[in-house]
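Trainee: start.pdb (PDB, C-alpha atoms and all ligand atoms) pasted underneath:
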```pdb
ATOM      1  CA  MET H   1      -1.048  33.792 -36.585  1.00  0.00           C
ATOM      2  CA  VAL H   2      -1.896  30.188 -35.926  1.00  0.00           C
ATOM      3  CA  ASN H   3      -5.446  29.389 -36.941  1.00  0.00           C
ATOM      4  CA  GLU H   4      -7.751  26.796 -35.381  1.00  0.00           C
ATOM      5  CA  GLN H   5      -7.074  24.248 -38.118  1.00  0.00           C
ATOM      6  CA  GLN H   6      -3.285  24.448 -37.586  1.00  0.00           C
ATOM      7  CA  ARG H   7      -3.778  24.045 -33.828  1.00  0.00           C
ATOM      8  CA  ASP H   8      -5.950  20.992 -34.400  1.00  0.00           C
ATOM      9  CA  GLU H   9      -3.357  19.458 -36.713  1.00  0.00           C
ATOM     10  CA  ARG H  10      -0.511  20.092 -34.264  1.00  0.00           C
ATOM     11  CA  HIS H  11      -2.550  18.609 -31.436  1.00  0.00           C
ATOM     12  CA  LYS H  12      -3.325  15.547 -33.540  1.00  0.00           C
ATOM     13  CA  ALA H  13       0.346  15.068 -34.485  1.00  0.00           C
ATOM     14  CA  ARG H  14       1.422  15.397 -30.823  1.00  0.00           C
ATOM     15  CA  GLN H  15      -1.205  12.916 -29.679  1.00  0.00           C
ATOM     16  CA  GLN H  16      -0.164  10.500 -32.438  1.00  0.00           C
ATOM     17  CA  ARG H  17       3.504  10.670 -31.293  1.00  0.00           C
ATOM     18  CA  LEU H  18       2.410  10.135 -27.690  1.00  0.00           C
ATOM     19  CA  LYS H  19       0.274   7.144 -28.671  1.00  0.00           C
ATOM     20  CA  GLU H  20       3.217   5.589 -30.543  1.00  0.00           C
ATOM     21  CA  GLN H  21       5.437   6.000 -27.464  1.00  0.00           C
ATOM     22  CA  VAL H  22       2.815   4.518 -25.140  1.00  0.00           C
ATOM     23  CA  ASP H  23       2.126   1.623 -27.525  1.00  0.00           C
ATOM     24  CA  ALA H  24       5.870   0.881 -27.747  1.00  0.00           C
ATOM     25  CA  ARG H  25       6.156   0.835 -23.947  1.00  0.00           C
ATOM     26  CA  ILE H  26       3.114  -1.428 -23.610  1.00  0.00           C
ATOM     27  CA  ALA H  27       4.602  -3.802 -26.209  1.00  0.00           C
ATOM     28  CA  ALA H  28       7.963  -3.767 -24.359  1.00  0.00           C
ATOM     29  CA  ALA H  29       6.362  -4.810 -21.034  1.00  0.00           C
ATOM     30  CA  GLN H  30       6.255  -8.562 -21.473  1.00  0.00           C
ATOM     31  CA  GLU H  31       6.659  -9.873 -17.953  1.00  0.00           C
ATOM     32  CA  ASP H  32       3.769 -11.249 -15.932  1.00  0.00           C
ATOM     33  CA  ARG H  33       4.445 -11.582 -12.221  1.00  0.00           C
ATOM     34  CA  GLY H  34       3.360 -10.502  -8.790  1.00  0.00           C
ATOM     35  CA  LEU H  35       4.221  -6.916  -7.903  1.00  0.00           C
ATOM     36  CA  LEU H  36       5.582  -5.548  -4.660  1.00  0.00           C
ATOM     37  CA  ILE H  37       4.094  -2.094  -4.161  1.00  0.00           C
ATOM     38  CA  VAL H  38       5.055   0.358  -1.414  1.00  0.00           C
ATOM     39  CA  ILE H  39       2.893   3.377  -0.564  1.00  0.00           C
ATOM     40  CA  THR H  40       4.835   5.603   1.806  1.00  0.00           C
ATOM     41  CA  GLY H  41       5.224   9.293   2.722  1.00  0.00           C
ATOM     42  CA  ASP H  42       3.663  11.629   5.293  1.00  0.00           C
ATOM     43  CA  GLY H  43       0.462  12.570   3.443  1.00  0.00           C
ATOM     44  CA  LYS H  44      -3.001  11.033   3.821  1.00  0.00           C
ATOM     45  CA  GLY H  45      -3.859   8.274   1.362  1.00  0.00           C
ATOM     46  CA  LYS H  46      -1.536   5.322   1.977  1.00  0.00           C
ATOM     47  CA  SER H  47      -3.890   2.818   3.614  1.00  0.00           C
ATOM     48  CA  THR H  48      -6.829   3.942   1.512  1.00  0.00           C
ATOM     49  CA  SER H  49      -4.708   3.289  -1.567  1.00  0.00           C
ATOM     50  CA  GLY H  50      -3.847  -0.178  -0.270  1.00  0.00           C
ATOM     51  CA  PHE H  51      -7.493  -0.941   0.450  1.00  0.00           C
ATOM     52  CA  GLY H  52      -8.456   0.484  -2.932  1.00  0.00           C
ATOM     53  CA  THR H  53      -6.147  -2.071  -4.532  1.00  0.00           C
ATOM     54  CA  VAL H  54      -7.750  -4.839  -2.454  1.00  0.00           C
ATOM     55  CA  CYS H  55     -11.201  -3.722  -3.677  1.00  0.00           C
ATOM     56  CA  ARG H  56      -9.969  -3.660  -7.266  1.00  0.00           C
ATOM     57  CA  ALA H  57      -8.551  -7.163  -6.961  1.00  0.00           C
ATOM     58  CA  VAL H  58     -11.616  -8.575  -5.205  1.00  0.00           C
ATOM     59  CA  GLY H  59     -13.776  -6.964  -7.878  1.00  0.00           C
ATOM     60  CA  HIS H  60     -11.948  -9.103 -10.423  1.00  0.00           C
ATOM     61  CA  GLY H  61     -12.507 -12.223  -8.341  1.00  0.00           C
ATOM     62  CA  LEU H  62      -8.949 -12.385  -6.965  1.00  0.00           C
ATOM     63  CA  LYS H  63      -8.373 -13.771  -3.502  1.00  0.00           C
ATOM     64  CA  ALA H  64      -6.974 -11.092  -1.213  1.00  0.00           C
ATOM     65  CA  ALA H  65      -5.967 -10.905   2.442  1.00  0.00           C
ATOM     66  CA  VAL H  66      -5.180  -8.028   4.792  1.00  0.00           C
ATOM     67  CA  VAL H  67      -2.806  -7.845   7.725  1.00  0.00           C
ATOM     68  CA  GLN H  68      -2.908  -4.617   9.731  1.00  0.00           C
ATOM     69  CA  PHE H  69       0.012  -3.748  11.951  1.00  0.00           C
ATOM     70  CA  ILE H  70      -0.851  -1.203  14.694  1.00  0.00           C
ATOM     71  CA  LYS H  71      -4.523  -0.333  14.377  1.00  0.00           C
ATOM     72  CA  GLY H  72      -6.085  -2.990  16.585  1.00  0.00           C
ATOM     73  CA  ASN H  73      -8.293  -0.581  18.508  1.00  0.00           C
ATOM     74  CA  TRP H  74      -9.738   1.153  15.466  1.00  0.00           C
ATOM     75  CA  ALA H  75     -12.949  -0.203  13.976  1.00  0.00           C
ATOM     76  CA  CYS H  76     -11.886   0.498  10.407  1.00  0.00           C
ATOM     77  CA  GLY H  77     -14.601   0.695   7.754  1.00  0.00           C
ATOM     78  CA  GLU H  78     -12.668  -1.370   5.231  1.00  0.00           C
ATOM     79  CA  ARG H  79     -12.633  -4.312   7.586  1.00  0.00           C
ATOM     80  CA  ASN H  80     -16.425  -4.308   7.916  1.00  0.00           C
ATOM     81  CA  LEU H  81     -16.854  -4.287   4.163  1.00  0.00           C
ATOM     82  CA  LEU H  82     -14.069  -6.624   3.077  1.00  0.00           C
ATOM     83  CA  SER H  83     -14.641  -9.256   5.777  1.00  0.00           C
ATOM     84  CA  SER H  84     -18.174  -9.683   4.476  1.00  0.00           C
ATOM     85  CA  ALA H  85     -16.715 -10.036   0.956  1.00  0.00           C
ATOM     86  CA  GLY H  86     -14.657 -13.012   2.152  1.00  0.00           C
ATOM     87  CA  VAL H  87     -11.323 -11.214   2.580  1.00  0.00           C
ATOM     88  CA  GLU H  88      -9.213 -12.740   5.352  1.00  0.00           C
ATOM     89  CA  PHE H  89      -8.322 -10.053   7.891  1.00  0.00           C
ATOM     90  CA  HIS H  90      -5.771 -10.017  10.694  1.00  0.00           C
ATOM     91  CA  VAL H  91      -5.235  -7.064  13.003  1.00  0.00           C
ATOM     92  CA  MET H  92      -2.562  -6.550  15.609  1.00  0.00           C
ATOM     93  CA  ALA H  93      -4.066  -6.830  19.054  1.00  0.00           C
ATOM     94  CA  THR H  94      -2.741  -3.551  20.494  1.00  0.00           C
ATOM     95  CA  GLY H  95      -3.580   0.056  19.681  1.00  0.00           C
ATOM     96  CA  PHE H  96      -1.194   2.737  18.500  1.00  0.00           C
ATOM     97  CA  THR H  97       2.273   2.102  19.781  1.00  0.00           C
ATOM     98  CA  TRP H  98       2.673   5.599  21.157  1.00  0.00           C
ATOM     99  CA  GLU H  99      -0.404   4.936  23.286  1.00  0.00           C
ATOM    100  CA  THR H 100       0.692   1.621  24.773  1.00  0.00           C
ATOM    101  CA  GLN H 101       4.392   2.495  25.231  1.00  0.00           C
ATOM    102  CA  ASP H 102       5.026  -1.121  26.065  1.00  0.00           C
ATOM    103  CA  ARG H 103       7.803  -2.369  23.858  1.00  0.00           C
ATOM    104  CA  GLN H 104       7.600  -6.008  24.864  1.00  0.00           C
ATOM    105  CA  ALA H 105       3.835  -6.260  24.447  1.00  0.00           C
ATOM    106  CA  ASP H 106       4.047  -4.493  21.084  1.00  0.00           C
ATOM    107  CA  THR H 107       6.804  -6.810  19.882  1.00  0.00           C
ATOM    108  CA  GLN H 108       4.763  -9.843  20.898  1.00  0.00           C
ATOM    109  CA  ALA H 109       1.658  -8.493  19.152  1.00  0.00           C
ATOM    110  CA  ALA H 110       3.651  -7.709  16.024  1.00  0.00           C
ATOM    111  CA  GLN H 111       5.255 -11.144  16.027  1.00  0.00           C
ATOM    112  CA  ALA H 112       1.880 -12.861  16.457  1.00  0.00           C
ATOM    113  CA  VAL H 113       0.254 -11.128  13.514  1.00  0.00           C
ATOM    114  CA  TRP H 114       3.454 -11.500  11.466  1.00  0.00           C
ATOM    115  CA  GLN H 115       3.002 -15.280  11.687  1.00  0.00           C
ATOM    116  CA  GLU H 116      -0.305 -14.834   9.835  1.00  0.00           C
ATOM    117  CA  ALA H 117       1.403 -12.591   7.290  1.00  0.00           C
ATOM    118  CA  LYS H 118       4.145 -15.174   6.735  1.00  0.00           C
ATOM    119  CA  ARG H 119       1.566 -17.902   6.165  1.00  0.00           C
ATOM    120  CA  LEU H 120      -0.242 -15.719   3.622  1.00  0.00           C
ATOM    121  CA  LEU H 121       3.041 -14.849   1.899  1.00  0.00           C
ATOM    122  CA  ALA H 122       3.676 -18.570   1.399  1.00  0.00           C
ATOM    123  CA  ASP H 123       0.195 -19.379   0.083  1.00  0.00           C
ATOM    124  CA  PRO H 124      -0.095 -19.402  -3.736  1.00  0.00           C
ATOM    125  CA  ASP H 125      -3.907 -19.313  -3.473  1.00  0.00           C
ATOM    126  CA  ILE H 126      -3.717 -15.766  -2.077  1.00  0.00           C
ATOM    127  CA  GLN H 127      -3.238 -13.403  -4.997  1.00  0.00           C
ATOM    128  CA  LEU H 128      -2.903 -10.130  -3.077  1.00  0.00           C
ATOM    129  CA  VAL H 129      -1.675  -9.406   0.435  1.00  0.00           C
ATOM    130  CA  LEU H 130      -2.019  -5.952   1.974  1.00  0.00           C
ATOM    131  CA  LEU H 131       0.490  -5.399   4.773  1.00  0.00           C
ATOM    132  CA  ASP H 132      -0.956  -2.184   6.178  1.00  0.00           C
ATOM    133  CA  GLU H 133       1.439  -0.114   8.348  1.00  0.00           C
ATOM    134  CA  LEU H 134       4.177  -2.737   8.136  1.00  0.00           C
ATOM    135  CA  THR H 135       6.881  -0.077   7.788  1.00  0.00           C
ATOM    136  CA  TYR H 136       6.697   0.858  11.490  1.00  0.00           C
ATOM    137  CA  MET H 137       7.265  -2.719  12.613  1.00  0.00           C
ATOM    138  CA  VAL H 138      10.599  -2.721  10.826  1.00  0.00           C
ATOM    139  CA  ALA H 139      11.474   0.820  11.934  1.00  0.00           C
ATOM    140  CA  TYR H 140      10.809  -0.042  15.621  1.00  0.00           C
ATOM    141  CA  ASP H 141      12.604  -3.384  15.294  1.00  0.00           C
ATOM    142  CA  TYR H 142       9.444  -5.290  16.275  1.00  0.00           C
ATOM    143  CA  LEU H 143      10.049  -7.422  13.198  1.00  0.00           C
ATOM    144  CA  ASP H 144      13.386  -8.545  11.821  1.00  0.00           C
ATOM    145  CA  LEU H 145      14.093  -6.831   8.492  1.00  0.00           C
ATOM    146  CA  ASP H 146      15.828  -9.880   7.001  1.00  0.00           C
ATOM    147  CA  GLU H 147      12.910 -12.111   7.914  1.00  0.00           C
ATOM    148  CA  VAL H 148      10.490  -9.715   6.232  1.00  0.00           C
ATOM    149  CA  LEU H 149      12.682  -9.469   3.114  1.00  0.00           C
ATOM    150  CA  ASP H 150      13.046 -13.238   2.997  1.00  0.00           C
ATOM    151  CA  ALA H 151       9.286 -13.817   3.158  1.00  0.00           C
ATOM    152  CA  LEU H 152       8.717 -11.239   0.403  1.00  0.00           C
ATOM    153  CA  VAL H 153      11.454 -12.582  -1.868  1.00  0.00           C
ATOM    154  CA  HIS H 154      10.255 -16.186  -1.542  1.00  0.00           C
ATOM    155  CA  ARG H 155       6.532 -15.508  -1.898  1.00  0.00           C
ATOM    156  CA  PRO H 156       4.638 -17.170  -4.783  1.00  0.00           C
ATOM    157  CA  ALA H 157       5.704 -15.677  -8.123  1.00  0.00           C
ATOM    158  CA  MET H 158       2.248 -14.405  -9.059  1.00  0.00           C
ATOM    159  CA  GLN H 159       1.355 -12.971  -5.653  1.00  0.00           C
ATOM    160  CA  HIS H 160       1.000  -9.179  -5.352  1.00  0.00           C
ATOM    161  CA  VAL H 161       1.878  -7.411  -2.106  1.00  0.00           C
ATOM    162  CA  VAL H 162       1.103  -3.859  -1.005  1.00  0.00           C
ATOM    163  CA  ILE H 163       3.002  -2.383   1.939  1.00  0.00           C
ATOM    164  CA  THR H 164       1.909   0.917   3.477  1.00  0.00           C
ATOM    165  CA  GLY H 165       3.330   3.232   6.117  1.00  0.00           C
ATOM    166  CA  ARG H 166       5.638   6.186   6.610  1.00  0.00           C
ATOM    167  CA  GLY H 167       9.416   5.986   6.681  1.00  0.00           C
ATOM    168  CA  CYS H 168       9.753   2.771   4.680  1.00  0.00           C
ATOM    169  CA  HIS H 169      13.137   1.052   5.102  1.00  0.00           C
ATOM    170  CA  ARG H 170      15.466   1.525   2.150  1.00  0.00           C
ATOM    171  CA  ALA H 171      15.844  -2.239   1.639  1.00  0.00           C
ATOM    172  CA  LEU H 172      12.076  -2.596   1.156  1.00  0.00           C
ATOM    173  CA  LEU H 173      12.040   0.343  -1.255  1.00  0.00           C
ATOM    174  CA  GLU H 174      14.821  -1.302  -3.239  1.00  0.00           C
ATOM    175  CA  LEU H 175      13.035  -4.641  -3.364  1.00  0.00           C
ATOM    176  CA  ALA H 176       9.727  -3.065  -4.438  1.00  0.00           C
ATOM    177  CA  ASP H 177       8.660  -2.853  -8.076  1.00  0.00           C
ATOM    178  CA  THR H 178       6.449   0.188  -7.578  1.00  0.00           C
ATOM    179  CA  VAL H 179       6.943   2.863  -4.937  1.00  0.00           C
ATOM    180  CA  SER H 180       4.724   5.885  -4.425  1.00  0.00           C
ATOM    181  CA  GLU H 181       5.352   8.617  -1.896  1.00  0.00           C
ATOM    182  CA  VAL H 182       2.266  10.472  -0.709  1.00  0.00           C
ATOM    183  CA  LYS H 183       3.252  14.032   0.104  1.00  0.00           C
ATOM    184  CA  ASN H 184       1.446  16.015   2.779  1.00  0.00           C
ATOM    185  CA  VAL H 185       0.287  19.304   1.312  1.00  0.00           C
ATOM    186  CA  LYS H 186      -2.219  19.947   4.091  1.00  0.00           C
ATOM    187  CA  HIS H 187      -4.480  17.926   6.366  1.00  0.00           C
ATOM    188  CA  GLY H 188      -7.750  19.011   7.955  1.00  0.00           C
ATOM    189  CA  PHE H 189      -6.574  17.722  11.343  1.00  0.00           C
ATOM    190  CA  ASP H 190      -3.998  20.522  11.503  1.00  0.00           C
ATOM    191  CA  ALA H 191      -6.848  23.023  11.197  1.00  0.00           C
ATOM    192  CA  GLY H 192      -8.572  21.380  14.163  1.00  0.00           C
ATOM    193  CA  ILE H 193     -11.000  19.125  12.281  1.00  0.00           C
ATOM    194  CA  LYS H 194     -11.600  15.862  14.145  1.00  0.00           C
ATOM    195  CA  ALA H 195     -10.954  12.521  12.414  1.00  0.00           C
ATOM    196  CA  GLN H 196     -14.139  11.702  10.535  1.00  0.00           C
ATOM    197  CA  GLN H 197     -15.775   8.277  10.406  1.00  0.00           C
ATOM    198  CA  GLY H 198     -15.775   6.886   6.895  1.00  0.00           C
ATOM    199  CA  ILE H 199     -12.987   9.256   5.838  1.00  0.00           C
ATOM    200  CA  ASP H 200     -10.191   8.825   8.356  1.00  0.00           C
ATOM    201  CA  TRP H 201     -10.982   5.313   9.558  1.00  0.00           C
TER     202      TRP H 201
HETATM  203  P1  LIG Z   1      -5.536   6.858   5.228  1.00  0.00           P
HETATM  204  O1  LIG Z   1      -5.838   5.641   6.059  1.00  0.00           O
HETATM  205  O2  LIG Z   1      -6.584   7.914   5.409  1.00  0.00           O
HETATM  206  O3  LIG Z   1      -5.209   6.542   3.799  1.00  0.00           O
HETATM  207  P2  LIG Z   1      -2.735   7.021   5.731  1.00  0.00           P
HETATM  208  O4  LIG Z   1      -2.708   5.561   5.742  1.00  0.00           O
HETATM  209  O5  LIG Z   1      -2.028   7.727   4.609  1.00  0.00           O
HETATM  210  O6  LIG Z   1      -4.234   7.531   5.831  1.00  0.00           O
HETATM  211  P3  LIG Z   1      -1.638   7.001   8.403  1.00  0.00           P
HETATM  212  O7  LIG Z   1      -0.315   7.608   8.731  1.00  0.00           O
HETATM  213  O8  LIG Z   1      -1.788   5.528   8.408  1.00  0.00           O
HETATM  214  O9  LIG Z   1      -2.123   7.660   7.026  1.00  0.00           O
HETATM  215  O10 LIG Z   1      -2.657   7.663   9.415  1.00  0.00           O
HETATM  216  C1  LIG Z   1      -3.963   7.256   9.527  1.00  0.00           C
HETATM  217  C2  LIG Z   1      -4.818   8.362  10.107  1.00  0.00           C
HETATM  218  O11 LIG Z   1      -4.088   9.562  10.274  1.00  0.00           O
HETATM  219  C3  LIG Z   1      -5.971   8.714   9.165  1.00  0.00           C
HETATM  220  O12 LIG Z   1      -7.044   9.042   9.971  1.00  0.00           O
HETATM  221  C4  LIG Z   1      -5.474   9.919   8.425  1.00  0.00           C
HETATM  222  O13 LIG Z   1      -6.499  10.793   8.001  1.00  0.00           O
HETATM  223  C5  LIG Z   1      -4.568  10.577   9.435  1.00  0.00           C
HETATM  224  N1  LIG Z   1      -3.453  11.240   8.745  1.00  0.00           N
HETATM  225  C6  LIG Z   1      -2.779  10.799   7.683  1.00  0.00           C
HETATM  226  N2  LIG Z   1      -1.843  11.682   7.293  1.00  0.00           N
HETATM  227  C7  LIG Z   1      -1.947  12.733   8.134  1.00  0.00           C
HETATM  228  C8  LIG Z   1      -1.274  14.003   8.251  1.00  0.00           C
HETATM  229  N3  LIG Z   1      -0.311  14.341   7.414  1.00  0.00           N
HETATM  230  N4  LIG Z   1      -1.664  14.831   9.258  1.00  0.00           N
HETATM  231  C9  LIG Z   1      -2.635  14.482  10.112  1.00  0.00           C
HETATM  232  N5  LIG Z   1      -3.300  13.311  10.071  1.00  0.00           N
HETATM  233  C10 LIG Z   1      -2.973  12.435   9.085  1.00  0.00           C
HETATM  234 MG    MG Z   2      -2.285   4.111   7.060  1.00  0.00          MG
END
```
Could you render the structure from this file as structure tokens?
Ligand code: ATP
Ligand code: MG
Mentor:
Amino acid sequence: MVNEQQRDERHKARQQRLKEQVDARIAAAQEDRGLLIVITGDGKGKSTSGFGTVCRAVGHGLKAAVVQFIKGNWACGERNLLSSAGVEFHVMATGFTWETQDRQADTQAAQAVWQEAKRLLADPDIQLVLLDELTYMVAYDYLDLDEVLDALVHRPAMQHVVITGRGCHRALLELADTVSEVKNVKHGFDAGIKAQQGIDW
């Protein structure tokens, strides 16, 4: 039978091996540059993850900016907080696309706010850009995929970008350095719970 001391020793040896592997990987990561991060999938947590990254960056004194595609009619809590912390914020002027059902107006609104995004993506003073819900703009053809890719590829070398939204285009996934897919296990809305202020927006 294995006694406590043997278990402790095995645990210690395993942890030591793990530490060596982690240390080797940390030593191997030598590059310093801006990351392109995509948070996609059908579960809750994409935008909140993007805003969490903005908070983290701002907390370190980095200059961050947010461009929200779609949610113009929602008074989102992050905007109230981050605007007062000096974070530049741009929101598309229409509400959810499936509410407006006006393709031309949506395209115009997307194009208008995209001009702000493009300016931010060319500004080396901005260290993090959150492009919240950008994926839909590409999926609906409101924005030209090549133009989006071009702006991302040619952005300042040290600038980080976070893109959120479901159904992210394959070309954006390929360009990204880090991709996370949030899986829907269950959501309170499906059980009839209304969207809650401070949690859902
Ligand atoms: P959040 O902003 O809470 O991180 P999200 O960005 O992952 O959510 P979106 O698809 O942008 O998700 O939807 C935003 C709103 O829809 C939020 O109020 C969120 O709670 C809700 N929502 C997200 N995923 C689901 C889901 N699988 N079923 C029902 N409602 C959802
Ligand atoms: Mg979202």
Trainee: Could you report the residues within 7 Å of ligand LIG 1 (chain Z), using all atoms listed in the file, as a list in words?
Mentor: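 If we count all atoms listed in the file, the neighbours of ligand LIG 1 (chain Z) turn out to be Asp42, Gly43, Lys44, Gly45, Lys46, Ser47, Thr48, Ser49, Glu133, Thr164, Gly165, Arg166, Asn184, Lys186, His187, Phe189, Asp190, Ala195, Ile199, Asp200 and Trp201 of chain H.
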Trainee: Evaluated on this file, the PyMOL selection byres (((chain H and resi 21-34) around 6) and not hetatm) picks out some residues - which ones are they, written as a CSV table (one decimal) with C-alpha atoms, in the coordinates of the input?
Mentor:
```
chain,number,residue,atom,x,y,z
H,18,LEU,CA,2.4,10.1,-27.7
H,19,LYS,CA,0.3,7.1,-28.7
H,20,GLU,CA,3.2,5.6,-30.5
H,35,LEU,CA,4.2,-6.9,-7.9
H,157,ALA,CA,5.7,-15.7,-8.1
H,158,MET,CA,2.2,-14.4,-9.1
H,159,GLN,CA,1.4,-13.0,-5.7
H,160,HIS,CA,1.0,-9.2,-5.4
```
Trainee: I'd like to know which of H:Ile126, H:Leu131, H:Leu82, H:Ala176 is closest to ligand MG 2 (chain Z), using only C-alpha atoms and all ligand atoms.
Mentor: H:Leu131
Trainee: Which residues match the PyMOL selection byres (((chain H and resi 69) around 8) and not hetatm) in the file above, as a PDB file with C-alpha atoms, in the coordinates of the input?
Mentor:
```pdb
ATOM      1  CA  VAL H  67      -2.806  -7.845   7.725  1.00  0.00           C
ATOM      2  CA  GLN H  68      -2.908  -4.617   9.731  1.00  0.00           C
ATOM      3  CA  ILE H  70      -0.851  -1.203  14.694  1.00  0.00           C
ATOM      4  CA  LYS H  71      -4.523  -0.333  14.377  1.00  0.00           C
ATOM      5  CA  GLY H  72      -6.085  -2.990  16.585  1.00  0.00           C
ATOM      6  CA  VAL H  91      -5.235  -7.064  13.003  1.00  0.00           C
ATOM      7  CA  MET H  92      -2.562  -6.550  15.609  1.00  0.00           C
ATOM      8  CA  ALA H 110       3.651  -7.709  16.024  1.00  0.00           C
ATOM      9  CA  VAL H 113       0.254 -11.128  13.514  1.00  0.00           C
ATOM     10  CA  LEU H 131       0.490  -5.399   4.773  1.00  0.00           C
ATOM     11  CA  ASP H 132      -0.956  -2.184   6.178  1.00  0.00           C
ATOM     12  CA  GLU H 133       1.439  -0.114   8.348  1.00  0.00           C
ATOM     13  CA  LEU H 134       4.177  -2.737   8.136  1.00  0.00           C
ATOM     14  CA  MET H 137       7.265  -2.719  12.613  1.00  0.00           C
TER      15      MET H 137
END
```
Trainee: Please compute the atom CA of Trp114 of chain H-atom CA of Leu149 of chain H distance, one decimal, in Å.
Mentor: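 Separation of atom CA of Trp114 of chain H and atom CA of Leu149 of chain H: 12.6 Å.
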Trainee: I need the residue nearest Val54 of chain H from this list: H:Leu128, H:Ala112, H:Leu152, H:Leu172. Use only C-alpha atoms for the distance.
Mentor: H:Leu128
Trainee: Name the closest residue to Gln127 of chain H among the candidates H:His90, H:Arg155, H:His11, H:Lys194; distances are taken between atoms, counting only C-alpha atoms.
Mentor: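 Of H:His90, H:Arg155, H:His11, H:Lys194, the one nearest Gln127 of chain H, counting only C-alpha atoms, is H:Arg155.
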Trainee: Suppose a student applies the PyMOL selection byres (((chain H and resi 181) around 8) and not hetatm) to this structure; what residues should they get, written as a list in words?
Mentor: Ile39, Thr40, Gly41, Asp42, Val179, Ser180, Val182 and Lys183 of chain H
Trainee: So how many Å separate atom CA of Asp150 of chain H and atom CA of Glu78 of chain H, to one decimal?
Mentor: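 Calculated distance between atom CA of Asp150 of chain H and atom CA of Glu78 of chain H is 28.4 Å.
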Trainee: So what do you get for atom CA of Leu143 of chain H versus atom CA of Asp102 of chain H, distance-wise?
Mentor: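 Rounded to one decimal, the two atoms are 15.2 Å apart.
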Trainee: Using only C-alpha atoms and all ligand atoms, which of H:Leu173, H:Gln5, H:Tyr136, H:His154 sits nearest ligand MG 2 (chain Z)?
Mentor: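 Once distances to ligand MG 2 (chain Z) are computed over only C-alpha atoms and all ligand atoms, the minimum belongs to H:Tyr136.
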Trainee: Around the point (-11.0, -7.8, 5.1), in the coordinates given by the file, pick out the residues reaching within 12 Å, counting all atoms listed in the file, and return them as a PyMOL selection string.
Mentor: chain H and resi 50-52+54-55+58+63-68+75-91+128-132
Trainee: Write the selection just made, keeping C-alpha atoms, as a PDB file, in the coordinates of the input?
Mentor:
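This is the output file selection33.pdb:
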```pdb
ATOM      1  CA  GLY H  50      -3.847  -0.178  -0.270  1.00  0.00           C
ATOM      2  CA  PHE H  51      -7.493  -0.941   0.450  1.00  0.00           C
ATOM      3  CA  GLY H  52      -8.456   0.484  -2.932  1.00  0.00           C
ATOM      4  CA  VAL H  54      -7.750  -4.839  -2.454  1.00  0.00           C
ATOM      5  CA  CYS H  55     -11.201  -3.722  -3.677  1.00  0.00           C
ATOM      6  CA  VAL H  58     -11.616  -8.575  -5.205  1.00  0.00           C
ATOM      7  CA  LYS H  63      -8.373 -13.771  -3.502  1.00  0.00           C
ATOM      8  CA  ALA H  64      -6.974 -11.092  -1.213  1.00  0.00           C
ATOM      9  CA  ALA H  65      -5.967 -10.905   2.442  1.00  0.00           C
ATOM     10  CA  VAL H  66      -5.180  -8.028   4.792  1.00  0.00           C
ATOM     11  CA  VAL H  67      -2.806  -7.845   7.725  1.00  0.00           C
ATOM     12  CA  GLN H  68      -2.908  -4.617   9.731  1.00  0.00           C
ATOM     13  CA  ALA H  75     -12.949  -0.203  13.976  1.00  0.00           C
ATOM     14  CA  CYS H  76     -11.886   0.498  10.407  1.00  0.00           C
ATOM     15  CA  GLY H  77     -14.601   0.695   7.754  1.00  0.00           C
ATOM     16  CA  GLU H  78     -12.668  -1.370   5.231  1.00  0.00           C
ATOM     17  CA  ARG H  79     -12.633  -4.312   7.586  1.00  0.00           C
ATOM     18  CA  ASN H  80     -16.425  -4.308   7.916  1.00  0.00           C
ATOM     19  CA  LEU H  81     -16.854  -4.287   4.163  1.00  0.00           C
ATOM     20  CA  LEU H  82     -14.069  -6.624   3.077  1.00  0.00           C
ATOM     21  CA  SER H  83     -14.641  -9.256   5.777  1.00  0.00           C
ATOM     22  CA  SER H  84     -18.174  -9.683   4.476  1.00  0.00           C
ATOM     23  CA  ALA H  85     -16.715 -10.036   0.956  1.00  0.00           C
ATOM     24  CA  GLY H  86     -14.657 -13.012   2.152  1.00  0.00           C
ATOM     25  CA  VAL H  87     -11.323 -11.214   2.580  1.00  0.00           C
ATOM     26  CA  GLU H  88      -9.213 -12.740   5.352  1.00  0.00           C
ATOM     27  CA  PHE H  89      -8.322 -10.053   7.891  1.00  0.00           C
ATOM     28  CA  HIS H  90      -5.771 -10.017  10.694  1.00  0.00           C
ATOM     29  CA  VAL H  91      -5.235  -7.064  13.003  1.00  0.00           C
ATOM     30  CA  LEU H 128      -2.903 -10.130  -3.077  1.00  0.00           C
ATOM     31  CA  VAL H 129      -1.675  -9.406   0.435  1.00  0.00           C
ATOM     32  CA  LEU H 130      -2.019  -5.952   1.974  1.00  0.00           C
ATOM     33  CA  LEU H 131       0.490  -5.399   4.773  1.00  0.00           C
ATOM     34  CA  ASP H 132      -0.956  -2.184   6.178  1.00  0.00           C
TER      35      ASP H 132
END
```
Trainee: First collect every listed atom of segment 190-199 of chain H; then fit an axis-aligned box around them, widen it by 4 Å on each side, and give centre and edge lengths in Å to one decimal, as lines of an AutoDock Vina configuration file.
Mentor:
```
center_x = -9.9
center_y = 15.0
center_z = 10.0
size_x = 19.8
size_y = 24.1
size_z = 16.3
```
Trainee: Considering only C-alpha atoms and all ligand atoms, can you say which of H:Asn3, H:Gln104, H:Val38, H:Glu116 comes closest to ligand MG 2 (chain Z)?
Mentor: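 Distance minimum relative to ligand MG 2 (chain Z) lands on H:Val38.
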Trainee: Nearest residue to ligand MG 2 (chain Z) out of H:Glu4, H:Thr135, H:Gln196, H:Ala191, using all atoms listed in the file?
Mentor: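 Of the candidates, the smallest distance to ligand MG 2 (chain Z) is held by H:Thr135.
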